[in-house]
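A.B. asks: To be precise about what I am sending: the file is called my_file15.txt and holds compact mmCIF, C-alpha atoms.
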# COMPACT_ATOMS: atom_id res chain seq x y z
CA MET M 1 -29.31 245.04 176.37
CA PRO M 2 -32.25 247.44 176.74
CA THR M 3 -35.69 245.97 176.22
CA SER M 4 -37.89 248.91 177.12
CA ALA M 5 -36.88 251.13 174.22
CA SER M 6 -39.29 251.62 171.39
CA PRO M 7 -38.45 249.83 168.11
CA THR M 8 -38.14 253.08 166.23
CA ALA M 9 -35.67 254.48 168.81
CA LEU M 10 -33.17 251.74 169.48
CA GLY M 11 -34.26 248.36 168.24
CA LEU M 12 -34.88 246.71 164.93
CA ARG M 13 -38.15 247.10 163.08
CA LEU M 14 -39.02 244.41 160.57
CA ARG M 15 -42.21 245.02 158.63
CA PRO M 16 -44.48 242.66 156.67
CA PHE M 17 -44.62 243.37 152.94
CA ARG M 18 -46.20 242.07 149.76
CA ALA M 19 -43.38 240.11 148.16
CA VAL M 20 -43.11 239.55 144.44
CA ARG M 21 -42.52 235.86 143.74
CA TYR M 22 -42.17 233.52 140.78
CA ASP M 23 -45.33 231.68 139.73
CA PRO M 24 -44.14 228.16 138.84
CA ALA M 25 -47.18 227.69 136.59
CA THR M 26 -45.70 230.32 134.25
CA ALA M 27 -42.02 230.48 135.16
CA GLY M 28 -41.47 226.74 135.51
CA GLU M 29 -39.54 224.87 138.19
CA LEU M 30 -38.24 227.32 140.79
CA SER M 31 -34.82 225.69 140.98
CA ASN M 32 -34.33 226.72 137.33
CA VAL M 33 -34.96 230.43 137.91
CA ILE M 34 -33.64 231.36 141.37
CA CYS M 35 -30.06 232.49 141.67
CA PRO M 36 -27.06 231.78 143.89
CA PRO M 37 -25.85 234.73 146.00
CA TYR M 38 -24.38 237.55 143.89
CA ASP M 39 -20.78 237.15 145.03
CA ASP M 40 -20.85 233.36 144.53
CA VAL M 41 -21.29 233.55 140.75
CA GLY M 42 -18.37 234.20 138.42
CA PRO M 43 -18.72 235.97 135.06
CA SER M 44 -18.91 232.81 132.94
CA HIS M 45 -21.50 231.22 135.24
CA ALA M 46 -23.56 234.42 135.23
CA ARG M 47 -23.55 234.45 131.40
CA ALA M 48 -24.74 230.84 131.35
CA LEU M 49 -27.56 231.57 133.81
CA ARG M 50 -28.65 234.61 131.81
CA ARG M 51 -29.39 232.36 128.82
CA ARG M 52 -32.29 230.79 130.72
CA PRO M 53 -35.62 232.47 129.80
CA TYR M 54 -36.83 233.68 133.19
CA HIS M 55 -33.75 233.28 135.33
CA LEU M 56 -33.22 235.97 137.96
CA ALA M 57 -29.66 236.41 136.68
CA ARG M 58 -31.15 238.34 133.76
CA LEU M 59 -32.06 241.04 136.27
CA LEU M 60 -29.38 240.58 138.89
CA TYR M 61 -26.38 240.73 136.56
CA SER M 62 -27.66 243.31 134.11
CA SER M 63 -25.29 246.22 133.54
CA GLU M 64 -28.20 248.32 132.25
CA PRO M 65 -30.71 248.86 135.08
CA GLN M 66 -33.31 250.48 132.82
CA THR M 67 -33.26 247.49 130.49
CA ALA M 68 -33.57 245.16 133.47
CA ALA M 69 -36.45 247.26 134.80
CA GLY M 70 -38.32 246.79 131.54
CA GLN M 71 -37.69 243.05 131.72
CA LEU M 72 -38.99 242.96 135.29
CA GLN M 73 -42.19 244.77 134.35
CA ARG M 74 -42.81 242.47 131.40
CA TRP M 75 -42.42 239.43 133.63
CA MET M 76 -44.95 240.86 136.05
CA GLN M 77 -47.38 241.67 133.25
CA ARG M 78 -47.08 238.11 131.91
CA GLY M 79 -47.56 236.55 135.33
CA VAL M 80 -44.05 235.15 135.53
CA LEU M 81 -43.68 237.17 138.71
CA VAL M 82 -46.73 237.86 140.90
CA ARG M 83 -47.16 240.14 143.91
CA ASP M 84 -48.71 238.51 146.97
CA SER M 85 -52.11 239.93 147.91
CA THR M 86 -51.50 240.08 151.70
CA PRO M 87 -48.53 241.58 153.55
CA ALA M 88 -46.47 238.87 155.19
CA LEU M 89 -43.26 238.06 156.96
CA TYR M 90 -41.61 235.19 155.14
CA VAL M 91 -39.91 232.40 157.03
CA TYR M 92 -37.03 231.11 154.94
CA GLN M 93 -35.14 227.88 155.51
CA GLN M 94 -32.25 226.03 153.92
CA GLN M 95 -32.10 222.33 154.71
CA LEU M 96 -29.62 219.58 153.84
CA GLY M 97 -31.10 216.18 154.58
CA ALA M 98 -32.58 216.29 158.08
CA GLY M 99 -30.36 219.16 159.19
CA VAL M 100 -31.43 222.81 159.13
CA LEU M 101 -28.57 224.87 157.74
CA GLN M 102 -30.28 228.22 158.16
CA ARG M 103 -33.63 229.57 159.22
CA GLY M 104 -34.69 233.19 159.40
CA VAL M 105 -37.36 235.75 158.60
CA ILE M 106 -37.56 237.97 155.51
CA GLY M 107 -39.24 241.35 155.71
CA GLU M 108 -38.71 245.05 155.13
CA LEU M 109 -36.19 246.36 157.66
CA ASP M 110 -36.23 250.02 158.65
CA LEU M 111 -32.76 251.41 157.98
CA PRO M 112 -31.02 253.33 160.78
CA SER M 113 -31.34 257.08 160.93
CA GLY M 114 -29.92 259.76 163.16
CA GLY M 115 -26.78 257.83 164.05
CA SER M 116 -28.60 254.80 165.42
CA ALA M 117 -26.45 251.69 165.84
CA ARG M 118 -29.20 249.12 165.36
CA VAL M 119 -27.48 247.69 162.29
CA LEU M 120 -23.77 246.95 162.70
CA PRO M 121 -21.57 246.80 159.59
CA HIS M 122 -18.26 245.01 160.16
CA GLU M 123 -16.46 245.49 156.85
CA ASP M 124 -15.57 248.59 154.88
CA VAL M 125 -17.00 249.17 151.41
CA GLN M 126 -15.68 250.43 148.09
CA ALA M 127 -17.33 253.65 146.93
CA HIS M 128 -17.54 252.65 143.27
CA VAL M 129 -19.25 249.34 144.14
CA VAL M 130 -21.75 251.16 146.37
CA GLY M 131 -22.48 253.47 143.44
CA GLN M 132 -23.06 250.50 141.12
CA ARG M 133 -25.42 248.82 143.59
CA ALA M 134 -27.33 252.07 144.19
CA ALA M 135 -27.74 252.68 140.45
CA HIS M 136 -28.97 249.13 139.93
CA MET M 137 -31.50 249.30 142.78
CA ALA M 138 -32.78 252.73 141.76
CA GLY M 139 -33.04 251.86 138.06
CA LEU M 140 -34.78 248.57 138.76
CA ARG M 141 -36.88 250.02 141.59
CA ALA M 142 -36.42 246.70 143.30
CA GLN M 143 -34.26 244.72 145.66
CA LEU M 144 -33.58 241.22 144.43
CA GLU M 145 -31.43 239.94 147.29
CA PRO M 146 -32.07 240.38 151.00
CA LEU M 147 -29.42 241.69 153.32
CA LEU M 148 -28.28 238.83 155.55
CA LEU M 149 -28.16 239.84 159.21
CA THR M 150 -27.77 238.00 162.50
CA TYR M 151 -29.22 239.07 165.82
CA ARG M 152 -29.27 237.88 169.42
CA ALA M 153 -32.51 238.59 171.25
CA ALA M 154 -33.07 238.50 174.99
CA ALA M 155 -36.55 237.03 174.48
CA SER M 156 -37.40 233.89 172.52
CA SER M 157 -41.12 234.42 171.90
CA GLY M 158 -40.61 234.52 168.16
CA ARG M 159 -38.72 231.23 167.97
CA ALA M 160 -41.77 229.14 168.86
CA VAL M 161 -43.87 231.00 166.30
CA ILE M 162 -41.27 230.49 163.58
CA GLU M 163 -41.04 226.81 164.48
CA ASP M 164 -44.83 226.47 164.22
CA VAL M 165 -44.87 228.23 160.85
CA THR M 166 -42.40 225.71 159.41
CA LYS M 167 -44.78 222.86 160.30
CA ARG M 168 -47.30 224.19 157.79
CA PRO M 169 -47.25 223.48 154.06
CA PRO M 170 -44.61 225.77 152.49
CA LEU M 171 -45.52 228.53 150.09
CA ALA M 172 -42.59 227.70 147.79
CA VAL M 173 -39.92 224.99 147.60
CA ALA M 174 -36.82 224.84 145.43
CA ARG M 175 -34.22 222.12 145.47
CA VAL M 176 -30.78 223.19 144.30
CA GLY M 177 -28.17 220.47 144.45
CA ARG M 178 -28.59 218.73 147.79
CA THR M 179 -30.11 221.77 149.51
CA THR M 180 -33.84 222.41 149.84
CA HIS M 181 -34.95 226.04 150.03
CA SER M 182 -38.40 226.55 151.58
CA VAL M 183 -40.51 229.66 152.17
CA TRP M 184 -43.58 230.11 154.34
CA ALA M 185 -45.81 233.21 154.43
CA CYS M 186 -46.74 234.40 157.89
CA THR M 187 -49.76 236.71 157.59
CA ASP M 188 -51.24 236.58 161.12
CA ARG M 189 -50.74 239.89 162.94
CA ARG M 190 -50.34 238.20 166.32
CA GLU M 191 -47.55 236.08 164.90
CA HIS M 192 -46.00 239.22 163.40
CA ALA M 193 -46.02 240.83 166.83
CA ALA M 194 -44.36 237.81 168.45
CA ILE M 195 -41.62 237.67 165.82
CA THR M 196 -40.89 241.37 165.64
CA GLY M 197 -41.41 242.15 169.31
CA GLU M 198 -38.21 240.45 170.40
CA LEU M 199 -36.27 242.64 167.95
CA ALA M 200 -37.23 245.83 169.78
CA GLY M 201 -34.12 245.84 171.98
CA ALA M 202 -31.79 244.02 169.62
CA SER M 203 -29.13 245.05 167.15
CA ALA M 204 -28.21 243.16 164.00
CA LEU M 205 -24.80 242.35 162.58
CA ILE M 206 -24.51 242.49 158.79
CA ALA M 207 -23.32 239.05 157.73
CA ASP M 208 -23.57 239.69 153.99
CA GLY M 209 -24.60 242.67 151.88
CA HIS M 210 -22.43 245.57 153.09
CA HIS M 211 -22.42 247.26 149.68
CA ARG M 212 -26.18 246.86 149.23
CA TYR M 213 -26.73 248.22 152.74
CA ALA M 214 -24.55 251.26 152.00
CA ALA M 215 -26.36 251.71 148.69
CA GLY M 216 -29.69 251.77 150.49
CA LEU M 217 -28.43 254.41 152.90
CA ARG M 218 -27.17 256.49 149.96
CA LEU M 219 -30.53 256.30 148.17
CA ASP M 220 -32.40 257.14 151.37
CA ALA M 221 -30.19 260.18 151.93
CA HIS M 222 -31.17 261.51 148.48
CA GLN M 223 -34.86 260.78 149.03
CA PRO M 224 -35.66 261.13 152.75
CA ARG M 225 -38.80 259.34 153.95
CA GLY M 226 -39.01 257.61 150.59
CA PRO M 227 -39.08 253.89 149.76
CA TRP M 228 -35.36 253.44 150.40
CA GLY M 229 -35.76 254.02 154.12
CA ARG M 230 -36.37 250.27 154.25
CA SER M 231 -34.49 247.32 152.86
CA LEU M 232 -35.28 243.75 152.00
CA ALA M 233 -33.60 241.76 154.78
CA LEU M 234 -33.27 238.23 156.11
CA LEU M 235 -32.78 238.18 159.89
CA VAL M 236 -31.33 235.04 161.44
CA ASP M 237 -31.49 234.29 165.16
CA GLN M 238 -27.86 233.46 165.93
CA GLU M 239 -28.86 231.58 169.07
CA ALA M 240 -31.39 229.29 167.39
CA HIS M 241 -29.86 228.70 163.96
CA PRO M 242 -26.38 230.22 163.91
CA LEU M 243 -24.70 231.05 160.64
CA GLN M 244 -21.27 229.54 160.13
CA LEU M 245 -18.31 231.88 159.95
CA THR M 246 -15.29 230.90 157.86
CA ALA M 247 -12.17 232.62 156.60
CA ILE M 248 -11.41 233.94 153.11
CA HIS M 249 -7.99 232.96 151.81
CA ARG M 250 -5.61 234.84 149.51
CA VAL M 251 -4.11 233.46 146.29
CA ILE M 252 -1.33 235.57 144.73
CA PRO M 253 -0.56 234.34 141.19
CA GLY M 254 2.48 236.57 140.69
CA LEU M 255 4.58 235.36 143.63
CA GLU M 256 7.08 232.50 143.71
CA ALA M 257 6.87 230.34 146.80
CA ASP M 258 10.55 230.33 147.84
CA LYS M 259 10.90 234.09 147.38
CA ALA M 260 7.64 234.72 149.26
CA ALA M 261 8.79 232.60 152.20
CA ALA M 262 12.17 234.35 152.31
CA ALA M 263 10.57 237.79 152.27
CA ALA M 264 8.07 236.77 154.93
CA ALA M 265 10.97 235.74 157.19
CA ASP M 266 11.97 239.39 157.39
CA VAL M 267 8.78 240.25 159.28
CA MET M 268 7.52 236.96 160.79
CA ARG M 269 8.75 233.65 162.12
CA VAL M 270 8.67 231.13 159.25
CA ARG M 271 8.68 227.38 159.88
CA PRO M 272 8.55 224.69 157.15
CA LEU M 273 5.63 222.26 157.19
CA PRO M 274 7.05 218.94 155.89
CA GLY M 275 3.57 217.41 155.80
CA GLY M 276 2.33 220.02 153.37
CA PRO M 277 -0.33 222.71 153.75
CA ARG M 278 -3.02 222.45 156.42
CA LEU M 279 -5.61 224.70 157.96
CA PRO M 280 -3.91 227.40 160.03
CA LEU M 281 -4.13 227.38 163.81
CA PRO M 282 -5.17 230.50 165.76
CA GLY M 283 -2.41 233.08 165.57
CA GLU M 284 -0.92 231.43 162.49
CA LEU M 285 -0.91 231.87 158.73
CA VAL M 286 -0.03 229.08 156.31
CA LEU M 287 1.86 229.88 153.11
CA THR M 288 1.94 227.29 150.34
CA GLY M 289 3.02 226.97 146.72
CA ALA M 290 5.08 224.78 144.38
CA GLY M 291 4.61 221.72 146.58
CA GLN M 292 5.91 223.44 149.74
CA ALA M 293 4.29 224.91 152.83
CA TRP M 294 5.28 227.08 155.78
CA ALA M 295 3.68 228.19 159.05
CA LEU M 296 3.99 231.95 159.67
CA THR M 297 3.73 233.19 163.26
CA HIS M 298 4.96 235.89 165.68
CA PRO M 299 4.93 239.06 163.55
CA ASP M 300 7.77 241.46 164.24
CA GLN M 301 6.13 244.10 166.41
CA SER M 302 7.98 247.08 164.98
CA SER M 303 7.17 246.01 161.41
CA LEU M 304 3.55 245.39 162.37
CA ASP M 305 3.31 248.84 163.94
CA ASP M 306 4.56 250.42 160.73
CA ALA M 307 2.28 248.31 158.53
CA LEU M 308 -0.81 249.18 160.58
CA ALA M 309 -0.04 252.84 161.17
CA GLY M 310 -3.31 254.78 161.29
CA ARG M 311 -5.37 251.62 161.65
CA PRO M 312 -7.45 250.65 164.71
CA PRO M 313 -5.31 249.02 167.45
CA GLN M 314 -7.64 246.00 167.41
CA TRP M 315 -6.33 245.12 163.94
CA ARG M 316 -3.08 243.85 165.46
CA ASP M 317 -4.89 240.65 166.46
CA LEU M 318 -6.67 240.11 163.14
CA PRO M 319 -5.10 237.53 160.79
CA THR M 320 -6.31 239.31 157.66
CA ALA M 321 -4.72 242.57 158.81
CA VAL M 322 -1.40 240.78 159.21
CA ALA M 323 -1.88 239.04 155.86
CA ASP M 324 -2.93 242.10 153.87
CA HIS M 325 -0.84 244.84 155.42
CA LEU M 326 2.28 243.20 156.84
CA LEU M 327 2.78 240.55 154.13
CA LEU M 328 0.98 241.57 150.94
CA ASN M 329 1.64 245.30 151.22
CA ARG M 330 4.95 245.49 153.10
CA ALA M 331 6.93 242.26 152.64
CA TRP M 332 5.72 241.29 149.17
CA SER M 333 4.72 244.67 147.65
CA VAL M 334 1.69 243.15 145.92
CA PRO M 335 -0.31 245.94 144.23
CA ASP M 336 -3.99 246.30 145.04
CA LEU M 337 -5.00 245.85 141.40
CA PRO M 338 -7.53 243.56 139.69
CA GLY M 339 -6.08 240.07 139.26
CA ALA M 340 -3.14 240.60 141.63
CA ILE M 341 -4.95 238.85 144.47
CA ARG M 342 -7.71 236.26 144.27
CA HIS M 343 -9.94 235.65 147.29
CA VAL M 344 -10.92 232.00 147.71
CA HIS M 345 -13.36 230.74 150.33
CA ASP M 346 -12.20 227.11 150.38
CA ALA M 347 -8.73 226.51 151.84
CA HIS M 348 -8.26 223.22 149.99
CA LEU M 349 -9.13 224.81 146.65
CA ALA M 350 -6.80 227.71 147.37
CA ALA M 351 -3.90 225.37 148.16
CA ALA M 352 -4.67 223.06 145.23
CA SER M 353 -4.67 225.96 142.78
CA VAL M 354 -0.94 226.56 143.39
CA ALA M 355 0.20 223.04 144.31
CA THR M 356 1.68 221.98 140.98
CA SER M 357 2.67 225.33 139.51
CA GLY M 358 6.07 226.90 139.87
CA HIS M 359 4.38 230.27 140.27
CA GLY M 360 1.78 231.55 142.64
CA VAL M 361 1.20 231.10 146.36
CA ALA M 362 -1.81 230.68 148.59
CA LEU M 363 -1.95 232.35 151.98
CA LEU M 364 -4.38 230.53 154.27
CA VAL M 365 -5.82 232.44 157.21
CA PRO M 366 -7.74 231.21 160.29
CA ALA M 367 -11.34 232.20 160.89
CA ILE M 368 -12.29 234.56 163.68
CA SER M 369 -15.36 234.10 165.87
CA GLU M 370 -18.75 235.72 165.43
CA ALA M 371 -18.44 237.09 168.97
CA THR M 372 -15.21 238.88 167.99
CA VAL M 373 -16.80 240.32 164.85
CA ARG M 374 -19.83 241.53 166.82
CA GLU M 375 -17.69 243.03 169.58
CA LEU M 376 -15.55 244.99 167.14
CA ALA M 377 -18.56 246.08 165.09
CA GLY M 378 -20.27 247.30 168.25
CA ALA M 379 -17.19 249.40 168.98
CA GLY M 380 -17.31 250.87 165.48
CA VAL M 381 -14.24 248.96 164.26
CA LEU M 382 -14.52 247.85 160.63
CA LEU M 383 -12.49 244.80 159.64
CA PRO M 384 -10.17 244.52 156.64
CA ARG M 385 -11.95 243.65 153.42
CA LYS M 386 -12.59 239.96 152.79
CA THR M 387 -12.11 238.95 156.42
CA THR M 388 -15.30 237.00 156.99
CA SER M 389 -17.57 234.65 155.10
CA PHE M 390 -20.90 233.96 156.79
CA GLY M 391 -23.04 231.18 155.45
CA PRO M 392 -25.00 229.67 154.09
CA LYS M 393 -26.14 232.72 152.19
CA PRO M 394 -29.74 232.83 150.94
CA ALA M 395 -30.69 232.10 147.36
CA ALA M 396 -32.01 235.10 145.46
CA GLY M 397 -35.43 235.03 143.86
CA LEU M 398 -37.77 233.45 146.39
CA ALA M 399 -39.09 236.77 147.76
CA LEU M 400 -38.38 240.02 145.91
CA ARG M 401 -39.04 243.58 147.02
CA VAL M 402 -40.43 245.47 144.02
CA LEU M 403 -41.54 249.03 144.73
CA GLU M 404 -45.18 249.64 144.00
CA GLU M 405 -46.19 252.52 141.76
CA SER M 406 -46.93 255.62 143.83
Before we go any further, please render this structure as structure tokens.
C.D. replies:
Amino acid sequence: MPTSASPTALGLRLRPFRAVRYDPATAGELSNVICPPYDDVGPSHARALRRRPYHLARLLYSSEPQTAAGQLQRWMQRGVLVRDSTPALYVYQQQLGAGVLQRGVIGELDLPSGGSARVLPHEDVQAHVVGQRAAHMAGLRAQLEPLLLTYRAAASSGRAVIEDVTKRPPLAVARVGRTTHSVWACTDRREHAAITGELAGASALIADGHHRYAAGLRLDAHQPRGPWGRSLALLVDQEAHPLQLTAIHRVIPGLEADKAAAAAADVMRVRPLPGGPRLPLPGELVLTGAGQAWALTHPDQSSLDDALAGRPPQWRDLPTAVADHLLLNRAWSVPDLPGAIRHVHDAHLAAASVATSGHGVALLVPAISEATVRELAGAGVLLPRKTTSFGPKPAAGLALRVLEES
């Protein structure tokens, strides 16, 4: 990995900024106003959160960006949200008991330009969702959630600085459930240099926020050298505090278990699991429904070739490619329509949702490694949608990027 290149040429450049943050004296307890990650909140939960007076969900889940922008400005005028006076990098930590679940640094990240591969997406995006995110960001003139990225740096100079920062009194603390979210402001320029210097030769893998990242690139393309050339980002050192990578499972309400297993046997080896559903082993999928379970292995190579025609050859070894294209598309003819497939992050919840019903199946898939994701992303290979779930994701609302009036 090159270390002599300038940050603007090859590496990552994370800049200090003046974050906008809740003032608890006006907004109240922080745990009552910050928000879970966007994709972790269903419609009914979002509606409930929006009923709270100053909850970030009022901005994050607004379908009318201009209305949300007015709300944001009113909150800043009333002192509910306040802009910090000094530019800072913000160390962010999630902790459960004595264990650190996640620790990273929030700042403004320069977005790639000129074909640079400093930031590595690993999943494809949907154009209409990118458009929605771009419209929301542009209308609000703010970024409410940071991109979540992981990096591996050759140097470790920044780790000691980050560790020292977390020994100071935190700037903000919010306890949500059993997890404590803490933020520290790092304003010392020498500490900035130590933290950002090790990023100069590094690349970052997008762990969460592909649509927001693509939206930022779209806005920047329409306004070159404008404010959207940077993005609010949380960078996590994967060596020091690695994010966990888990699979995302498929629940298909419209399939019957026996018929699904029979159709799967046309393209894969199907073996009953008398002990019921379990987590799949590498190279295996687990199908379950109506109190039954099967292990699915050894895809028929000819059928797999047909199902993945036009796709990258690396997809042959990806469990979600087998699940989505060989089974869902080919063997089961499940349409890619809203409600036809539900994506569930917890295997036990996915299996339980179809355990007692005569209809519906869950297809459990094994997780792939972060090293595999990074390798494929570095080669420009995007994974099938809903392949990975990195976590824990950051809460939204502890450090906002609100564009200043020009």
A.B. asks: Quick one: distance from CA of Thr196 in chain M to CA of His222 in chain M in Å, one decimal?
C.D. replies: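 Computing the Euclidean distance for CA of Thr196 in chain M and CA of His222 in chain M yields 28.2 Å.
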A.B. asks: Neighbouring residues of range 242-251 of chain M were defined as those with any atom within 8 Å, considering only C-alpha atoms; residues of the same chain fewer than 2 positions away were excluded. Please report them as a count of residues only.
C.D. replies: 35
A.B. asks: Between CA of Glu108 in chain M and CA of His136 in chain M, measure the distance and give it in Å to one decimal.
C.D. replies: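 Taking CA of Glu108 in chain M and CA of His136 in chain M, their separation equals 18.5 Å.
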A.B. asks: Any idea what's packed within 10 Å of Gly397 in chain M, counting all atoms listed in the file, ignoring anything in its chain fewer than 4 positions away? Could you give it as a PyMOL selection string?
C.D. replies: chain M and resi 20-22+30-31+33-37+55-57+60+81+143-146+401
A.B. asks: Go through M:Ser113, M:Asn32, M:Trp184, M:Val173 one by one, measure the shortest atom-to-atom distance of each to Pro224 in chain M using all atoms listed in the file, and give the residue with the smallest value.
C.D. replies: M:Ser113
A.B. asks: List as a PyMOL selection string the protein and nucleic acid residues near Arg225 in chain M, meaning an atom at most 12 Å away when only C-alpha atoms are counted, but skip any in the same chain fewer than 4 places from it.
C.D. replies: chain M and resi 110-113+217+219-221+229-230
A.B. asks: Mind dumping a table of every range 314-344 of chain M residue within 12 Å of range 290-299 of chain M, with the nearest atom pair and its distance in Å to one decimal, using only C-alpha atoms, sorted by chain and rising number, as CSV?
C.D. replies:
residue,atom,partner,partner_atom,distance
M:Arg316,CA,M:Pro299,CA,9.5
M:Asp317,CA,M:Pro299,CA,10.4
M:Leu318,CA,M:Pro299,CA,11.7
M:Pro319,CA,M:Thr297,CA,10.1
M:Ala321,CA,M:Pro299,CA,11.3
M:Val322,CA,M:Pro299,CA,7.9
M:Ala323,CA,M:Leu296,CA,10.0
M:His325,CA,M:Pro299,CA,11.5
M:Leu326,CA,M:Pro299,CA,8.3
M:Leu327,CA,M:Pro299,CA,9.8
M:Ala331,CA,M:Pro299,CA,11.5
A.B. asks: Rank nothing, just name the residue among M:Thr320, M:Arg118, M:Gly177, M:His348 nearest to Leu96 in chain M, using all atoms listed in the file.
C.D. replies: M:Gly177
A.B. asks: Counting only C-alpha atoms, which of M:Tyr92, M:Val334, M:Gly42, M:Pro53 gets nearest to Ala174 in chain M?
C.D. replies: M:Tyr92
